[in-house]
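Only one structure is covered here, and it is reproduced in the block below.
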Amino acid sequence: MNRQLTHVGWAAMGLIVALVLGTTYWQTWARPGLAARQDNEIQRVSEFQVRRGLILAPERVLARNRVVERRGKTLYFRRYPQGRLAAQVVGYSTASRSRAGLEKSLNGILTGTERDLGGLVERQLNDLRGKPIVGDTVVTTLDLHAQKVALDALGRTCGAVVALDPRSGKLLVMASSPSYNPNVVENNFGKISKITADCRPAAPLINRGTQGLYPPGSTFKVVTASAALESNRFSPDSEFVDPGYCIAYGKRVNNFDTSRPFGRVSFATALQYSVNSVFCNVGKALGAKRILDQAKRFGFYQRPPLETPDGERYPSGLYRNGELWYPKRDSDVDAGRMAFGQERMLVTPLQMAMVAAGIGNAGIVMRPYVVEKIVSPKGKTVSRTERQRLDRAVGPVNARDIGNMMVSAVQAGTGTAAQIPGYRVGGKTGTAETGVAGRNTTWFIAFAGRPGRRPEVAIAVALERQSLTGGATAAPIAKTVLESLLGTGGNP
Amino acid sequence: MSARNRELATLFLAALVASAAFASAWISGLGVVDYGWLPWAGGLAAVFLVAHAFARWIVPDADPTLLPLTALLCAIGLTFVYRIDPYDGRRQLVWVAVGVAVFVLVLVWLRYDYRVLERYKYVFGVSAIVLLMLPSVPGLGQRVNGVKLWVDIGPLRFQPGEIAKIFLVIFLAGYLRDKREALAQGRLKDFGPLLAIWGGAMLVLVQTSDLGSALLNFGIFLAMLYAATGRLSFVLAGLALFAGGAALLYDKLDRVQQRVTVWLAPWTDDKVYCAINGKLEYRQNCDSYQLVKSLYSIANGGYGGTGIGRGTFQTVDGTPLIPYLQTDFVYSAIAQELGLIGAAAVLLLFLALVARSMRVSLVAHDGFSKLLAAGLGFGFALQTFIIVGGVLRLVPLTGITLPFVSYGGSSIVSNFVMLALLMLVSHRAVRTAPT
């Protein structure tokens with residue numbers, strides 16, 4: 001019988017070994033996935049025993065810790081000294097409502113679990129000594145002064161302002177209105193649902209800079225113009241006749257103001273004055289896919305890279321039934337209407353800021369980033385974000401030409417409200433009409449810098465539920481924020 | 001060194017490890033360093049010294065590792081039960097003392113020759129069935145958490161299933177020793193009683209809706225059947241019969257259905273109907289709440305664990321996050337606080353216990369002793385597998401106890417009975433060895 005008994009013995013021991021393997025699976029491979037789940041309270045609560053790293057703007061504290069002694073345990077809750085200023089970017093870390101923003105996506109860094117081997121060993125040693133674990137500090141690129149200017153300028157209007165440094169991709173401003181006070185999320189969440197603004201729902205938790213999907217209106221003409229010049233079939237001097245409208249798919253597409261057709265215009269003038277009929281014809285000539293492929297080179301059809309959580313950044317592009325959609329054939333899309341920003345095209349302010357930045361930076365779109373560097377608790381810089389090229393969107397000559405057209409639009413076109421004395425500002429307005437008065441989405445995208453130098457700032461302003469044009473509503477806001485960033489603003 | 005001296009030395013080692021574990025639970029619970037844990041450690045040590053003394057007297061040649069392994073497992077169980085709920089910890093210590101008392105009683109009772117049990121094998125067989133059916137007797141059985149496993153007699157509530165398991169092993173050891181040659185020939189008429197066991201398992205399953213206990217008893221039966229006959233085909237046929245029977249009855253077993261659903265898909269992306277509150281919920285917030293929270297607990301441990309007393313089992317307000325943590329889910333507490341290293345060590349203690357039991361079975365001389373030890377050893381292994389495997393989502397989760405570790409009186413006491421039987425078999429095997 002001993003032979004069988006040996007078999008039974010092996011089987012019995014095999015069962016226990018299976019348990020060791022099962023435990024190994026959950027504690028190693030499956031661990032990060034489980035830790036990231038929203039309903040994982042154990043992970044969340046246990047991390048309140050970690051002294052989280054700070055989140056800083058270069059000169060101000062965005063998030064710090066509040067120490068609470070409870071049941072003999074030291075817990076670290078979060079305080080956000082800047083309140084609503086950068087609430088959607090920084091996000092929150094609470095016991096009652098999980099996390100959002102950088103607090104969510106950089107959780108591993110802030111709790112010190114994403115370190116090199118030496119750092120992890122030190123973390124474990126501190127744990128054994130009973131010392132609190134201290135996370136790494138995150139230094140962001142945000143310019144809080146300009147951020148405040150942007151948020152104040154938005155006021156009760158729903159919308160967003162996003163500003164980048166076109167040369168590096170550094171995110172300078174990301175203001176989303178209405179905003180909320182992250183300090184009340186933990187214990188007084190009801191207060192946030194009572195926030196009102198000039199839109200409904202006010203949805204203050206949403207980061208409109210990266211989650212606001214708006215029709216781009218005429219700002220998309222910058223993308224169409226890039227496709228046109230890149231195709232070599234058009235030049236800034238190409239001549240068009242503007243009858244005041246264009247026939248697309250048998251339907252008349254009007255200019256913004258049909259009473260004054262422009263007659264014979266050059267392509268450059270058409271962008272300067274935002275002539276729909278010209279772009280409609282250019283779009284029909286190029287075809288939808290060519291324009292969309294150009295858009296992709298600006299970053300459309302992918303989540304714009306940034307350190308905030310993936311779920312808080314939406315890709316721009318054509319949407320159908322609420323989902324991102326890329327046409328199989330040219331004939332699936334009305335290229336004429338798409339060329340000036342209609343036809344189910346939806347974009348985020350960050351994406352449009354990247355378009356302006358790409359034109360301003362001689363055609364090269366830099367990868368946007370908001371984390372400047374990570375600093376260890378001992379003050380050592382652990383890592384610094386290197387600037388990185390995302391894509392070459394247009395050739396340098398074409399970028400210069402389109403840039404000049406945008407400069408003309410600000411000097412003597414639709415965007416005159418954004419002029420800043422002593423600076424070269426190139427911009428493009430946008431007014432996406434919904435057909436209902438007071439429901440337009442208005443836009444202004446621009447780059448600005450000293451004459452003869454590479455532009456230092458690129459900006460996108462998007463406003464919801466407007467009655468006037470982008471030139472009248474969004475351009476002035478862009479101007480004040482640009483002034484603040486360029487250091488020419490009234491406030492010291 | 002004699003077997004008992006080795007046992008004493010190993011017990012001393014176990015006491016050191018156990019004291020360190022319990023002391024850290026005690027100190028972290030209080031937040032200050034004091035020596036209040038000493039009476040607990042001393043109490044547990046005293047209990048096991050009593051067990052050792054009786055082993056020295058009655059079974060001096062028994063395997064010297066079984067008792068220290070049990071002591072360490074009990075100490076780990078006590079540490080975690082205390083750490084989760086100090087009140088339950090006190091009761092657990094009492095239950096361990098009762099368990100050792102029963103251990104001593106069994107040793108004393110069977111000190112001349114435990115093989116008398118074989119004579120009463122049918123009594124044990126019938127009693128096993130009766131005990132298993134007891135909880136479904138109206139007025140006697142108590143349904144707790146949807147499973148009928150408990151019986152109330154006066155102020156005492158106990159799980160007859162735990163004792164039935166031992167009776168079943170004794171019956172099978174006796175019966176299979178008698179019939180193994182006949183069974184090995186595969187004549188159909190010899191299979192009557194075995195089919196009756198299968199029928200019994202199915203009946204118990206329907207009556208109590210407890211898949212875990214049915215699986216455990218049937219698994220022990222198959223292992224012993226294989227050990228006795230050496231016919232793998234019997235095991236396969238048995239498994240097929242069990243699976244077929246369970247599949248046929250599946251529609252009637254709401255409880256089992258729910259367990260299987262939870263096992264296959266604990267997380268849902270959409271809200272599904274939740275029978276607990278009648279609303280639409282994500283399954284992770286409803287039926288699979290316990291399993292999912294327990295997996296989070298295990299994952300939170302990582303390699304090294306949080307350390308005893310520093311795991312997270314409550315929200316910041318102090319609301320418990322995992323229900324039944326000290327009984328069914330004690331392993332997920334251990335895995336969080338001791339980490340992969342510690343949890344694997346605990347599993348290795350079980351592995352050692354199982355391996356030593358199997359060794360006892362190999363060195364025993366007569367068929368009854370061999371089958372008895374193999375059945376008990378395999379029982380430990382399978383029970384550990386069913387509960388820990390359930391917690392780890394290897395198999396559907398069913399509420400049975402982790403031997404010697406989980407909080408619960410019936411379980412502790414019956415496991416000590418199993419230990420006593422193993423030591424008796426072991427002692428006899430060495431004592432009567434041809435030299």
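By convention in this document, the chains of the structure tokens carry letters A, B, ... by their order, each chain's residues are numbered from 1, and ligands are numbered from 1 in the order they are shown.
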> Contacts of A:Ile459 at 9 Å or less, counting only C-alpha atoms, minus same-chain residues fewer than 5 places along, as number ranges by chain?
Replying inline: A: 161-165, 173, 349-350, 352-354, 356-357, 444-448, 478, 481-482
>> Env of stretch 394-402 of chain A: 7 Å cut, atoms = only C-alpha atoms, seq-sep filter 3 positions within chain, self excluded. Answer as JSON, numbers by chain.
In response: {"A": [226, 229, 230, 359, 362, 363, 405, 406]}
> Any idea which chain A residues end up within 7 Å of chain B if we count only C-alpha atoms, as a PyMOL selection string please?
Replying inline: chain A and resi 1-2+4-5+8-9+12-13+15-16+19-20+22-24+26-28+31+34+40+42-43+45-46+72
> If you count only C-alpha atoms, which residues fall within 8 Å of stretch 205-207 of chain B, apart from same-chain ones fewer than 5 positions away, as a count of residues only?
Replying inline: 7
> So which residues of stretch 167-313 of chain B fall under helix (DSSP H, G or I) by DSSP, listed as a PyMOL selection string?
Replying inline: chain B and resi 167-185+188-208+211-229+232-252+254-264+283-285+289-301
> Could you work out how far atom CA of A:Leu463 lies from atom CA of A:Trp443, giving the answer in Å with one decimal?
Replying inline: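 Pair atom CA of A:Trp443 / atom CA of A:Leu463 returns 6.5 Å.
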>> Just list as JSON, numbers by chain whatever in stretch 166-231 of chain A DSSP marks as strand (DSSP E or B).
In response: {"A": [170, 171, 172, 173, 174, 175, 176, 177, 197, 199, 214]}
> Which polymer residues have any atom within 8 Å of an atom of A:Arg337, counting only C-alpha atoms, with same-chain residues fewer than 2 positions away left out, as a list in words?
Replying inline: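 The residues that qualify are Ala248, Val253, Cys280, Gly283, Asp334, Ala335, Ala339, Phe340, Gly341, Gln342 and Glu343 of chain A.
The smallest atom-to-atom distance between A:Ser238 and any of A:Pro216, A:Val278, A:Ser316, A:Thr210, using only C-alpha atoms, is found for A:Val278.
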